[in-house]
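Next up, protein_34.cif (mmCIF, C-alpha atoms and all ligand atoms):
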data_upload
loop_
_atom_site.group_PDB
_atom_site.id
_atom_site.type_symbol
_atom_site.label_atom_id
_atom_site.label_comp_id
_atom_site.auth_asym_id
_atom_site.auth_seq_id
_atom_site.Cartn_x
_atom_site.Cartn_y
_atom_site.Cartn_z
ATOM 1 C CA MET A 4 -21.867 -2.778 -11.825
ATOM 2 C CA ALA A 5 -24.315 -0.723 -9.775
ATOM 3 C CA SER A 6 -22.781 2.193 -7.928
ATOM 4 C CA ASN A 7 -23.245 2.691 -4.265
ATOM 5 C CA SER A 8 -24.393 6.042 -3.028
ATOM 6 C CA GLY A 9 -21.549 7.569 -1.127
ATOM 7 C CA LEU A 10 -19.614 6.711 1.969
ATOM 8 C CA ALA A 11 -21.560 6.458 5.175
ATOM 9 C CA ALA A 12 -21.195 9.742 7.017
ATOM 10 C CA ALA A 13 -19.027 9.431 10.089
ATOM 11 C CA ASP A 14 -21.904 10.918 12.073
ATOM 12 C CA ALA A 15 -24.438 8.298 10.867
ATOM 13 C CA PRO A 16 -25.855 6.325 13.781
ATOM 14 C CA ILE A 17 -23.853 3.345 14.923
ATOM 15 C CA ALA A 18 -25.354 0.034 13.774
ATOM 16 C CA VAL A 19 -22.842 -2.238 15.484
ATOM 17 C CA SER A 20 -20.597 -1.516 18.388
ATOM 18 C CA VAL A 21 -18.072 -4.100 19.541
ATOM 19 C CA ARG A 22 -15.899 -3.345 22.548
ATOM 20 C CA ASN A 23 -13.094 -5.410 23.920
ATOM 21 C CA LEU A 24 -14.353 -8.620 22.319
ATOM 22 C CA THR A 25 -12.182 -11.593 23.158
ATOM 23 C CA ARG A 26 -12.659 -15.197 22.070
ATOM 24 C CA ARG A 27 -10.470 -18.076 23.121
ATOM 25 C CA PHE A 28 -10.656 -21.689 22.076
ATOM 26 C CA GLY A 29 -8.637 -23.537 24.690
ATOM 27 C CA GLU A 30 -5.170 -21.967 24.707
ATOM 28 C CA GLN A 31 -5.748 -20.185 21.400
ATOM 29 C CA THR A 32 -6.796 -16.519 21.543
ATOM 30 C CA VAL A 33 -8.618 -15.957 18.255
ATOM 31 C CA LEU A 34 -10.023 -12.487 18.998
ATOM 32 C CA ASP A 35 -7.962 -10.316 21.288
ATOM 33 C CA ALA A 36 -9.886 -7.350 22.717
ATOM 34 C CA VAL A 37 -11.354 -6.274 19.386
ATOM 35 C CA ASP A 38 -13.048 -2.864 19.152
ATOM 36 C CA LEU A 39 -15.168 -2.100 16.092
ATOM 37 C CA ASP A 40 -17.935 0.376 15.234
ATOM 38 C CA ILE A 41 -19.938 0.067 12.031
ATOM 39 C CA HIS A 42 -22.188 2.964 11.069
ATOM 40 C CA ALA A 43 -25.598 2.722 9.449
ATOM 41 C CA GLY A 44 -25.264 2.263 5.707
ATOM 42 C CA GLU A 45 -21.591 1.376 5.859
ATOM 43 C CA PHE A 46 -20.399 -1.617 3.811
ATOM 44 C CA VAL A 47 -17.418 -3.187 5.563
ATOM 45 C CA ALA A 48 -15.331 -5.974 4.029
ATOM 46 C CA LEU A 49 -13.462 -8.165 6.501
ATOM 47 C CA LEU A 50 -10.291 -9.752 5.127
ATOM 48 C CA GLY A 51 -7.522 -11.779 6.730
ATOM 49 C CA ARG A 52 -5.499 -14.937 6.364
ATOM 50 C CA SER A 53 -7.238 -18.257 6.732
ATOM 51 C CA GLY A 54 -7.923 -19.031 10.388
ATOM 52 C CA CYS A 55 -7.395 -15.451 11.610
ATOM 53 C CA GLY A 56 -10.861 -15.263 13.156
ATOM 54 C CA LYS A 57 -13.087 -13.590 10.533
ATOM 55 C CA SER A 58 -15.955 -16.068 10.918
ATOM 56 C CA THR A 59 -15.512 -16.042 14.684
ATOM 57 C CA LEU A 60 -15.978 -12.259 14.721
ATOM 58 C CA LEU A 61 -18.997 -12.449 12.419
ATOM 59 C CA ARG A 62 -20.603 -15.208 14.477
ATOM 60 C CA ALA A 63 -20.076 -13.191 17.635
ATOM 61 C CA VAL A 64 -21.771 -10.125 16.104
ATOM 62 C CA ALA A 65 -24.620 -12.376 14.881
ATOM 63 C CA ARG A 66 -24.933 -13.663 18.450
ATOM 64 C CA LEU A 67 -24.406 -17.200 17.193
ATOM 65 C CA ASP A 68 -21.582 -17.663 19.675
ATOM 66 C CA ALA A 69 -22.717 -16.999 23.207
ATOM 67 C CA ALA A 70 -19.253 -17.681 24.609
ATOM 68 C CA ALA A 71 -17.665 -14.807 22.670
ATOM 69 C CA SER A 72 -17.575 -11.873 25.013
ATOM 70 C CA GLY A 73 -14.586 -12.188 27.301
ATOM 71 C CA GLY A 74 -15.993 -9.412 29.419
ATOM 72 C CA GLY A 75 -16.486 -7.167 26.396
ATOM 73 C CA ALA A 76 -19.642 -5.519 25.101
ATOM 74 C CA LEU A 77 -21.610 -5.912 21.892
ATOM 75 C CA SER A 78 -24.584 -3.909 20.734
ATOM 76 C CA VAL A 79 -26.468 -4.147 17.464
ATOM 77 C CA SER A 80 -29.254 -1.678 16.793
ATOM 78 C CA GLY A 81 -32.148 -3.294 14.942
ATOM 79 C CA GLN A 82 -32.545 -6.642 13.223
ATOM 80 C CA SER A 83 -29.668 -8.476 11.643
ATOM 81 C CA SER A 84 -29.698 -11.153 8.942
ATOM 82 C CA VAL A 85 -26.927 -13.602 8.130
ATOM 83 C CA LEU A 86 -25.861 -14.945 4.732
ATOM 84 C CA PHE A 87 -23.590 -17.975 4.607
ATOM 85 C CA GLN A 88 -21.561 -19.623 1.862
ATOM 86 C CA ASP A 89 -24.355 -22.149 1.405
ATOM 87 C CA SER A 90 -27.820 -20.681 1.073
ATOM 88 C CA ARG A 91 -29.342 -22.747 3.914
ATOM 89 C CA ILE A 92 -32.719 -22.769 2.216
ATOM 90 C CA LEU A 93 -34.936 -25.695 3.121
ATOM 91 C CA PRO A 94 -35.311 -28.315 0.349
ATOM 92 C CA TRP A 95 -38.824 -29.351 1.403
ATOM 93 C CA MET A 96 -40.282 -25.859 1.025
ATOM 94 C CA THR A 97 -41.013 -23.878 -2.114
ATOM 95 C CA VAL A 98 -39.008 -20.764 -2.874
ATOM 96 C CA LEU A 99 -41.879 -18.546 -1.672
ATOM 97 C CA ASP A 100 -42.277 -20.438 1.600
ATOM 98 C CA ASN A 101 -38.545 -20.303 2.208
ATOM 99 C CA VAL A 102 -38.648 -16.539 1.859
ATOM 100 C CA ARG A 103 -41.675 -16.291 4.160
ATOM 101 C CA LEU A 104 -40.147 -18.574 6.748
ATOM 102 C CA GLY A 105 -40.246 -16.992 10.161
ATOM 103 C CA THR A 106 -42.570 -14.178 9.160
ATOM 104 C CA PRO A 107 -45.881 -14.136 10.976
ATOM 105 C CA ASP A 108 -48.898 -13.801 8.678
ATOM 106 C CA ASP A 109 -50.416 -14.340 5.246
ATOM 107 C CA MET A 110 -49.892 -10.706 4.329
ATOM 108 C CA ASP A 111 -46.247 -11.572 3.957
ATOM 109 C CA ALA A 112 -46.867 -13.558 0.771
ATOM 110 C CA GLY A 113 -47.113 -10.245 -1.086
ATOM 111 C CA ARG A 114 -43.972 -8.943 0.535
ATOM 112 C CA ALA A 115 -42.174 -12.199 -0.182
ATOM 113 C CA ARG A 116 -43.163 -11.941 -3.857
ATOM 114 C CA ARG A 117 -41.824 -8.396 -3.967
ATOM 115 C CA ALA A 118 -38.614 -9.485 -2.231
ATOM 116 C CA LEU A 119 -38.207 -12.226 -4.847
ATOM 117 C CA ALA A 120 -38.854 -9.728 -7.637
ATOM 118 C CA GLY A 121 -36.208 -7.486 -6.064
ATOM 119 C CA VAL A 122 -33.591 -10.222 -6.469
ATOM 120 C CA GLY A 123 -34.683 -11.126 -10.012
ATOM 121 C CA LEU A 124 -36.642 -14.288 -9.146
ATOM 122 C CA SER A 125 -40.181 -13.425 -10.235
ATOM 123 C CA GLY A 126 -41.811 -16.567 -11.606
ATOM 124 C CA LYS A 127 -39.822 -18.903 -9.349
ATOM 125 C CA GLU A 128 -42.165 -18.647 -6.351
ATOM 126 C CA SER A 129 -43.474 -22.226 -6.645
ATOM 127 C CA ALA A 130 -40.157 -23.788 -7.591
ATOM 128 C CA TRP A 131 -38.382 -26.287 -5.327
ATOM 129 C CA PRO A 132 -34.868 -25.366 -4.219
ATOM 130 C CA LYS A 133 -33.291 -28.399 -5.931
ATOM 131 C CA VAL A 134 -34.131 -27.038 -9.384
ATOM 132 C CA LEU A 135 -32.405 -23.720 -8.689
ATOM 133 C CA SER A 136 -28.815 -22.924 -9.612
ATOM 134 C CA GLY A 137 -26.338 -22.006 -6.869
ATOM 135 C CA GLY A 138 -26.693 -18.316 -7.716
ATOM 136 C CA GLU A 139 -30.498 -18.529 -7.628
ATOM 137 C CA GLN A 140 -30.338 -20.239 -4.240
ATOM 138 C CA GLN A 141 -28.238 -17.376 -2.915
ATOM 139 C CA ARG A 142 -30.798 -14.937 -4.353
ATOM 140 C CA VAL A 143 -33.489 -16.742 -2.332
ATOM 141 C CA ALA A 144 -31.292 -16.435 0.767
ATOM 142 C CA LEU A 145 -30.884 -12.712 0.076
ATOM 143 C CA ALA A 146 -34.643 -12.228 -0.401
ATOM 144 C CA ARG A 147 -35.266 -14.080 2.861
ATOM 145 C CA ALA A 148 -32.686 -11.898 4.615
ATOM 146 C CA LEU A 149 -34.406 -8.747 3.322
ATOM 147 C CA MET A 150 -37.804 -9.840 4.677
ATOM 148 C CA ARG A 151 -36.545 -8.916 8.137
ATOM 149 C CA ASN A 152 -35.771 -5.331 7.051
ATOM 150 C CA PRO A 153 -32.340 -5.802 8.532
ATOM 151 C CA ALA A 154 -30.382 -2.832 9.819
ATOM 152 C CA LEU A 155 -27.369 -5.108 9.469
ATOM 153 C CA ILE A 156 -26.450 -7.851 7.010
ATOM 154 C CA LEU A 157 -23.724 -10.232 8.125
ATOM 155 C CA ALA A 158 -22.267 -12.191 5.224
ATOM 156 C CA ASP A 159 -19.717 -15.004 5.510
ATOM 157 C CA GLU A 160 -18.239 -15.575 2.049
ATOM 158 C CA PRO A 161 -21.706 -15.830 0.504
ATOM 159 C CA PHE A 162 -20.484 -15.918 -3.111
ATOM 160 C CA SER A 163 -17.308 -17.963 -2.797
ATOM 161 C CA ALA A 164 -18.871 -21.198 -4.069
ATOM 162 C CA LEU A 165 -20.259 -19.555 -7.219
ATOM 163 C CA ASP A 166 -18.674 -19.456 -10.664
ATOM 164 C CA ALA A 167 -16.932 -16.205 -11.601
ATOM 165 C CA LEU A 168 -19.735 -14.793 -13.752
ATOM 166 C CA THR A 169 -22.509 -15.620 -11.284
ATOM 167 C CA ARG A 170 -20.376 -14.182 -8.545
ATOM 168 C CA MET A 171 -20.030 -10.853 -10.384
ATOM 169 C CA ARG A 172 -23.793 -10.777 -10.942
ATOM 170 C CA MET A 173 -24.405 -11.417 -7.241
ATOM 171 C CA GLN A 174 -21.943 -8.681 -6.287
ATOM 172 C CA SER A 175 -23.841 -6.316 -8.540
ATOM 173 C CA LEU A 176 -27.165 -7.402 -7.030
ATOM 174 C CA LEU A 177 -25.867 -6.928 -3.506
ATOM 175 C CA LEU A 178 -24.719 -3.396 -4.377
ATOM 176 C CA GLU A 179 -28.179 -2.631 -5.770
ATOM 177 C CA VAL A 180 -29.838 -4.013 -2.644
ATOM 178 C CA HIS A 181 -27.464 -2.011 -0.484
ATOM 179 C CA ALA A 182 -28.178 1.199 -2.385
ATOM 180 C CA ARG A 183 -31.937 0.559 -2.061
ATOM 181 C CA HIS A 184 -32.153 -0.467 1.606
ATOM 182 C CA ARG A 185 -28.920 0.982 3.061
ATOM 183 C CA PRO A 186 -28.275 -1.657 5.713
ATOM 184 C CA ALA A 187 -24.908 -1.771 7.401
ATOM 185 C CA VAL A 188 -22.991 -4.767 6.013
ATOM 186 C CA LEU A 189 -20.156 -6.816 7.455
ATOM 187 C CA PHE A 190 -18.908 -9.014 4.611
ATOM 188 C CA VAL A 191 -16.239 -11.689 5.141
ATOM 189 C CA THR A 192 -14.268 -12.530 2.028
ATOM 190 C CA HIS A 193 -10.918 -13.966 0.955
ATOM 191 C CA ASP A 194 -11.071 -12.040 -2.272
ATOM 192 C CA VAL A 195 -9.382 -8.633 -2.201
ATOM 193 C CA ASP A 196 -10.939 -7.640 -5.538
ATOM 194 C CA GLU A 197 -14.392 -8.469 -4.212
ATOM 195 C CA ALA A 198 -13.712 -6.347 -1.128
ATOM 196 C CA LEU A 199 -12.548 -3.411 -3.265
ATOM 197 C CA VAL A 200 -15.565 -3.642 -5.560
ATOM 198 C CA LEU A 201 -18.151 -3.914 -2.791
ATOM 199 C CA ALA A 202 -17.038 -2.169 0.334
ATOM 200 C CA ASN A 203 -16.820 1.425 1.548
ATOM 201 C CA ARG A 204 -14.362 0.330 4.188
ATOM 202 C CA ILE A 205 -11.846 -2.492 4.377
ATOM 203 C CA ILE A 206 -10.656 -4.175 7.546
ATOM 204 C CA VAL A 207 -7.879 -6.740 7.807
ATOM 205 C CA LEU A 208 -7.804 -8.964 10.869
ATOM 206 C CA ASP A 209 -4.467 -10.404 11.991
ATOM 207 C CA ALA A 210 -3.401 -12.162 15.192
ATOM 208 C CA GLY A 211 -6.740 -11.473 16.809
ATOM 209 C CA ARG A 212 -6.636 -7.731 16.185
ATOM 210 C CA ILE A 213 -7.779 -5.253 13.577
ATOM 211 C CA HIS A 214 -4.567 -4.655 11.717
ATOM 212 C CA TYR A 215 -5.791 -2.370 8.938
ATOM 213 C CA ASP A 216 -8.924 -0.264 8.745
ATOM 214 C CA ARG A 217 -9.317 2.052 5.780
ATOM 215 C CA ARG A 218 -12.017 3.717 3.790
ATOM 216 C CA ASN A 219 -12.184 2.559 0.195
ATOM 217 C CA PRO A 220 -12.933 5.515 -2.030
ATOM 218 C CA LEU A 221 -12.086 3.550 -5.164
ATOM 219 C CA LYS A 222 -15.362 1.940 -6.053
ATOM 220 C CA LEU A 223 -17.000 5.346 -6.261
ATOM 221 C CA SER A 224 -14.537 6.781 -8.739
ATOM 222 C CA GLN A 225 -12.362 4.113 -10.317
ATOM 223 C CA GLY A 226 -13.078 0.587 -11.415
ATOM 224 C CA ARG A 227 -11.211 -2.693 -11.480
ATOM 225 C CA GLY A 228 -7.881 -2.359 -13.252
ATOM 226 C CA SER A 229 -7.384 1.384 -12.581
ATOM 227 C CA SER A 230 -4.056 2.406 -11.041
ATOM 228 C CA GLY A 231 -5.688 3.412 -7.732
ATOM 229 C CA PHE A 232 -7.471 0.074 -7.535
ATOM 230 C CA GLU A 233 -4.247 -1.822 -8.268
ATOM 231 C CA ALA A 234 -2.255 0.139 -5.675
ATOM 232 C CA MET A 235 -4.743 -0.527 -2.898
ATOM 233 C CA ARG A 236 -5.100 -4.140 -4.003
ATOM 234 C CA ARG A 237 -1.331 -4.650 -3.741
ATOM 235 C CA GLU A 238 -1.182 -2.958 -0.363
ATOM 236 C CA ILE A 239 -3.823 -5.298 1.064
ATOM 237 C CA LEU A 240 -2.381 -8.383 -0.659
ATOM 238 C CA ALA A 241 1.005 -7.581 0.949
ATOM 239 C CA LEU A 242 -0.679 -7.494 4.366
ATOM 240 C CA LEU A 243 -2.082 -10.932 3.574
ATOM 241 C CA GLY A 244 1.399 -12.189 2.699
ATOM 242 C CA VAL A 245 0.981 -12.102 -1.069
ATOM 243 C CA ARG A 246 3.454 -10.041 -3.058
ATOM 244 C CA VAL A 247 2.643 -9.088 -6.628
ATOM 245 C CA ALA A 248 5.866 -7.754 -8.149
ATOM 246 C CA ALA A 249 4.537 -6.394 -11.443
ATOM 247 C CA ALA A 250 1.455 -6.811 -13.558
ATOM 248 C CA ALA A 251 2.855 -9.685 -15.618
ATOM 249 C CA ASP A 252 4.829 -11.394 -12.855
ATOM 250 C CA PRO A 253 3.657 -14.496 -11.040
ATOM 251 C CA ILE A 254 2.211 -14.086 -7.556
ATOM 252 C CA THR A 255 4.483 -15.230 -4.747
ATOM 253 C CA THR A 256 3.516 -15.816 -1.163
ATOM 254 C CA THR A 257 5.718 -14.924 1.766
ATOM 255 C CA HIS A 258 4.628 -17.777 3.982
HETATM 256 N N1 LIG B 301 -15.707 -24.060 17.699
HETATM 257 C C1 LIG B 301 -14.383 -23.997 17.648
HETATM 258 N N2 LIG B 301 -13.615 -24.777 18.441
HETATM 259 C C2 LIG B 301 -12.266 -24.715 18.421
HETATM 260 N N3 LIG B 301 -11.578 -23.875 17.603
HETATM 261 C C3 LIG B 301 -12.287 -23.093 16.778
HETATM 262 C C4 LIG B 301 -13.724 -23.109 16.754
HETATM 263 N N4 LIG B 301 -14.148 -22.193 15.846
HETATM 264 C C5 LIG B 301 -13.031 -21.653 15.326
HETATM 265 N N5 LIG B 301 -11.922 -22.180 15.884
HETATM 266 C C6 LIG B 301 -10.543 -21.826 15.562
HETATM 267 O O1 LIG B 301 -10.423 -20.424 15.585
HETATM 268 C C7 LIG B 301 -9.573 -19.974 14.523
HETATM 269 C C8 LIG B 301 -10.326 -18.938 13.691
HETATM 270 O O2 LIG B 301 -11.367 -19.601 12.980
HETATM 271 P P1 LIG B 301 -12.318 -18.802 11.983
HETATM 272 O O3 LIG B 301 -13.239 -19.779 11.363
HETATM 273 O O4 LIG B 301 -12.886 -17.627 12.678
HETATM 274 O O5 LIG B 301 -11.239 -18.269 10.923
HETATM 275 P P2 LIG B 301 -11.461 -17.556 9.526
HETATM 276 O O6 LIG B 301 -10.570 -16.349 9.517
HETATM 277 O O7 LIG B 301 -12.891 -17.323 9.260
HETATM 278 O O8 LIG B 301 -10.860 -18.674 8.565
HETATM 279 P P3 LIG B 301 -11.126 -19.024 7.026
HETATM 280 O O9 LIG B 301 -10.707 -17.817 6.276
HETATM 281 O O10 LIG B 301 -10.223 -20.183 6.776
HETATM 282 O O11 LIG B 301 -12.583 -19.348 6.877
HETATM 283 C C9 LIG B 301 -9.137 -21.196 13.769
HETATM 284 O O12 LIG B 301 -7.859 -21.565 14.210
HETATM 285 C C10 LIG B 301 -10.166 -22.238 14.150
HETATM 286 O O13 LIG B 301 -9.615 -23.521 14.125
#

Once more with this new file: its structure as structure tokens, please.
Amino acid sequence: MASNSGLAAADAPIAVSVRNLTRRFGEQTVLDAVDLDIHAGEFVALLGRSGCGKSTLLRAVARLDAAASGGGALSVSGQSSVLFQDSRILPWMTVLDNVRLGTPDDMDAGRARRALAGVGLSGKESAWPKVLSGGEQQRVALARALMRNPALILADEPFSALDALTRMRMQSLLLEVHARHRPAVLFVTHDVDEALVLANRIIVLDAGRIHYDRRNPLKLSQGRGSSGFEAMRREILALLGVRVAAAADPITTTH
């Protein structure tokens, strides 16, 4: 898997600043005065139990949810691009036109070709989305996201519908893209291993608040299966209500 070049320096400029963000749906408070800064180049994984508000936070940062403010403040410096679980590419446009979508002029065909080459899809420019595999469709979505030169990539479980092998390839590709372009990333996932492999920093959301916020030095020095990796994995799984007693023991949940 590609390595990622270092942790974002604490003094790197702030790409996203969230202050006192609150979101209620009726009586339910999903986000409760959340504060979060993400620095340029930082790769943040956002974990939490189902329904804890991960997507709500991501949608608020993407400004897809105008009602999410609650008197708080949100600033994002530069462009942001969003990746969803489904690629959201348009079936009636070729791969190249999907990547160019929303970009202004013909010059962008060259850039779109280069973006496609950058995600390993050279030769697929004229293909229709329906002939692409799920992983290839997500590559198109990633190429399209990169066309905006985003300072921030917001990703909501973008690989969760893919088979295990394709998923590992896409994780590797995303790390390469991150090392090349250095956007800030906020990446929602249910998968603790995925978070540990990808992210410089891991956040766990619980009861509307950030419950855990730690740097992840592991991916720089130790891989999957190392003792450091396993220890941090268990610590986060316990926060999510999953207790792993010993390597060979079955997983039990506490709720
Ligand atoms: N538009 C909406 N209207 C009413 N309730 C909503 C709306 N969007 C989200 N919610 C509620 O807010 C809570 C948080 O939802 P959200 O999708 O952010 O959770 P999540 O942590 O991303 O969950 P999952 O991991 O299952 O995808 C849930 O209880 C959900 O039902």

Neighbours of ligand LIG 301 (chain B) at 12 Å or closer, counting only C-alpha atoms and all ligand atoms: which residues, as an MDAnalysis selection string? chainID A and resid 25:35 49:63 67:71 87:88 158:161 163 190:194 207:212 243

What residues come out when you apply the PyMOL selection byres (((chain A and resi 118-124) around 12) and not hetatm) to this file, written as an mmCIF file with C-alpha atoms, keeping the file's coordinate frame?
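Output below, filename part-v6.cif:
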data_model
loop_
_atom_site.group_PDB
_atom_site.id
_atom_site.type_symbol
_atom_site.label_atom_id
_atom_site.label_comp_id
_atom_site.auth_asym_id
_atom_site.auth_seq_id
_atom_site.Cartn_x
_atom_site.Cartn_y
_atom_site.Cartn_z
ATOM 1 C CA VAL A 98 -39.008 -20.764 -2.874
ATOM 2 C CA LEU A 99 -41.879 -18.546 -1.672
ATOM 3 C CA ASP A 100 -42.277 -20.438 1.600
ATOM 4 C CA ASN A 101 -38.545 -20.303 2.208
ATOM 5 C CA VAL A 102 -38.648 -16.539 1.859
ATOM 6 C CA ARG A 103 -41.675 -16.291 4.160
ATOM 7 C CA ASP A 111 -46.247 -11.572 3.957
ATOM 8 C CA ALA A 112 -46.867 -13.558 0.771
ATOM 9 C CA GLY A 113 -47.113 -10.245 -1.086
ATOM 10 C CA ARG A 114 -43.972 -8.943 0.535
ATOM 11 C CA ALA A 115 -42.174 -12.199 -0.182
ATOM 12 C CA ARG A 116 -43.163 -11.941 -3.857
ATOM 13 C CA ARG A 117 -41.824 -8.396 -3.967
ATOM 14 C CA SER A 125 -40.181 -13.425 -10.235
ATOM 15 C CA GLY A 126 -41.811 -16.567 -11.606
ATOM 16 C CA LYS A 127 -39.822 -18.903 -9.349
ATOM 17 C CA GLU A 128 -42.165 -18.647 -6.351
ATOM 18 C CA SER A 129 -43.474 -22.226 -6.645
ATOM 19 C CA ALA A 130 -40.157 -23.788 -7.591
ATOM 20 C CA LEU A 135 -32.405 -23.720 -8.689
ATOM 21 C CA SER A 136 -28.815 -22.924 -9.612
ATOM 22 C CA GLY A 138 -26.693 -18.316 -7.716
ATOM 23 C CA GLU A 139 -30.498 -18.529 -7.628
ATOM 24 C CA GLN A 140 -30.338 -20.239 -4.240
ATOM 25 C CA GLN A 141 -28.238 -17.376 -2.915
ATOM 26 C CA ARG A 142 -30.798 -14.937 -4.353
ATOM 27 C CA VAL A 143 -33.489 -16.742 -2.332
ATOM 28 C CA ALA A 144 -31.292 -16.435 0.767
ATOM 29 C CA LEU A 145 -30.884 -12.712 0.076
ATOM 30 C CA ALA A 146 -34.643 -12.228 -0.401
ATOM 31 C CA ARG A 147 -35.266 -14.080 2.861
ATOM 32 C CA ALA A 148 -32.686 -11.898 4.615
ATOM 33 C CA LEU A 149 -34.406 -8.747 3.322
ATOM 34 C CA MET A 150 -37.804 -9.840 4.677
ATOM 35 C CA ARG A 151 -36.545 -8.916 8.137
ATOM 36 C CA ASN A 152 -35.771 -5.331 7.051
ATOM 37 C CA ARG A 172 -23.793 -10.777 -10.942
ATOM 38 C CA MET A 173 -24.405 -11.417 -7.241
ATOM 39 C CA GLN A 174 -21.943 -8.681 -6.287
ATOM 40 C CA SER A 175 -23.841 -6.316 -8.540
ATOM 41 C CA LEU A 176 -27.165 -7.402 -7.030
ATOM 42 C CA LEU A 177 -25.867 -6.928 -3.506
ATOM 43 C CA LEU A 178 -24.719 -3.396 -4.377
ATOM 44 C CA GLU A 179 -28.179 -2.631 -5.770
ATOM 45 C CA VAL A 180 -29.838 -4.013 -2.644
ATOM 46 C CA HIS A 181 -27.464 -2.011 -0.484
ATOM 47 C CA ARG A 183 -31.937 0.559 -2.061
ATOM 48 C CA HIS A 184 -32.153 -0.467 1.606
#

Determine the residue membership of the PyMOL selection byres (((chain A and resi 213-218) around 9) and not hetatm) for the file above and supply it as a VMD selection string. chain A and resid 10 37 to 39 47 202 to 212 219 to 221 239 242

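Residues matched by the PyMOL selection byres (((chain A and resi 17-19) around 10) and not hetatm) in this file are Ala13, Asp14, Ala15, Pro16, Ser20, Val21, Arg22, Leu39, Asp40, Ile41, His42, Ala43, Gly44, Glu45, Val64, Leu77, Ser78, Val79, Ser80, Gly81, Gln82, Ser83, Ala154, Leu155, Pro186, Ala187, Val188 and Leu189 of chain A.
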
I need the chosen residues saved as a short mmCIF file (atom, residue, chain, number, x, y, z; two decimals), in the coordinates of the input, with C-alpha atoms.
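Done, and the output landed in part_12.cif:
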data_model
loop_
_atom_site.label_atom_id
_atom_site.label_comp_id
_atom_site.auth_asym_id
_atom_site.auth_seq_id
_atom_site.Cartn_x
_atom_site.Cartn_y
_atom_site.Cartn_z
CA ALA A 13 -19.03 9.43 10.09
CA ASP A 14 -21.90 10.92 12.07
CA ALA A 15 -24.44 8.30 10.87
CA PRO A 16 -25.86 6.32 13.78
CA SER A 20 -20.60 -1.52 18.39
CA VAL A 21 -18.07 -4.10 19.54
CA ARG A 22 -15.90 -3.34 22.55
CA LEU A 39 -15.17 -2.10 16.09
CA ASP A 40 -17.93 0.38 15.23
CA ILE A 41 -19.94 0.07 12.03
CA HIS A 42 -22.19 2.96 11.07
CA ALA A 43 -25.60 2.72 9.45
CA GLY A 44 -25.26 2.26 5.71
CA GLU A 45 -21.59 1.38 5.86
CA VAL A 64 -21.77 -10.12 16.10
CA LEU A 77 -21.61 -5.91 21.89
CA SER A 78 -24.58 -3.91 20.73
CA VAL A 79 -26.47 -4.15 17.46
CA SER A 80 -29.25 -1.68 16.79
CA GLY A 81 -32.15 -3.29 14.94
CA GLN A 82 -32.54 -6.64 13.22
CA SER A 83 -29.67 -8.48 11.64
CA ALA A 154 -30.38 -2.83 9.82
CA LEU A 155 -27.37 -5.11 9.47
CA PRO A 186 -28.28 -1.66 5.71
CA ALA A 187 -24.91 -1.77 7.40
CA VAL A 188 -22.99 -4.77 6.01
CA LEU A 189 -20.16 -6.82 7.46
#

Could you tell me how far atom CA of Glu197 of chain A sits from atom CA of Gly244 of chain A, in Å to one decimal place? 17.6 Å

Rounded to one decimal, what separation in Å do you get between atom CA of Asp89 of chain A and atom CA of Val195 of chain A? 20.5 Å

One residue among A:Gly75, A:Arg66, A:Leu93, A:Arg185 is nearest to Pro153 of chain A when using all atoms listed in the file, and that residue is A:Arg185

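Interatomic distance, atom CA of Val134 of chain A against atom CA of Arg170 of chain A: 18.8 Å.
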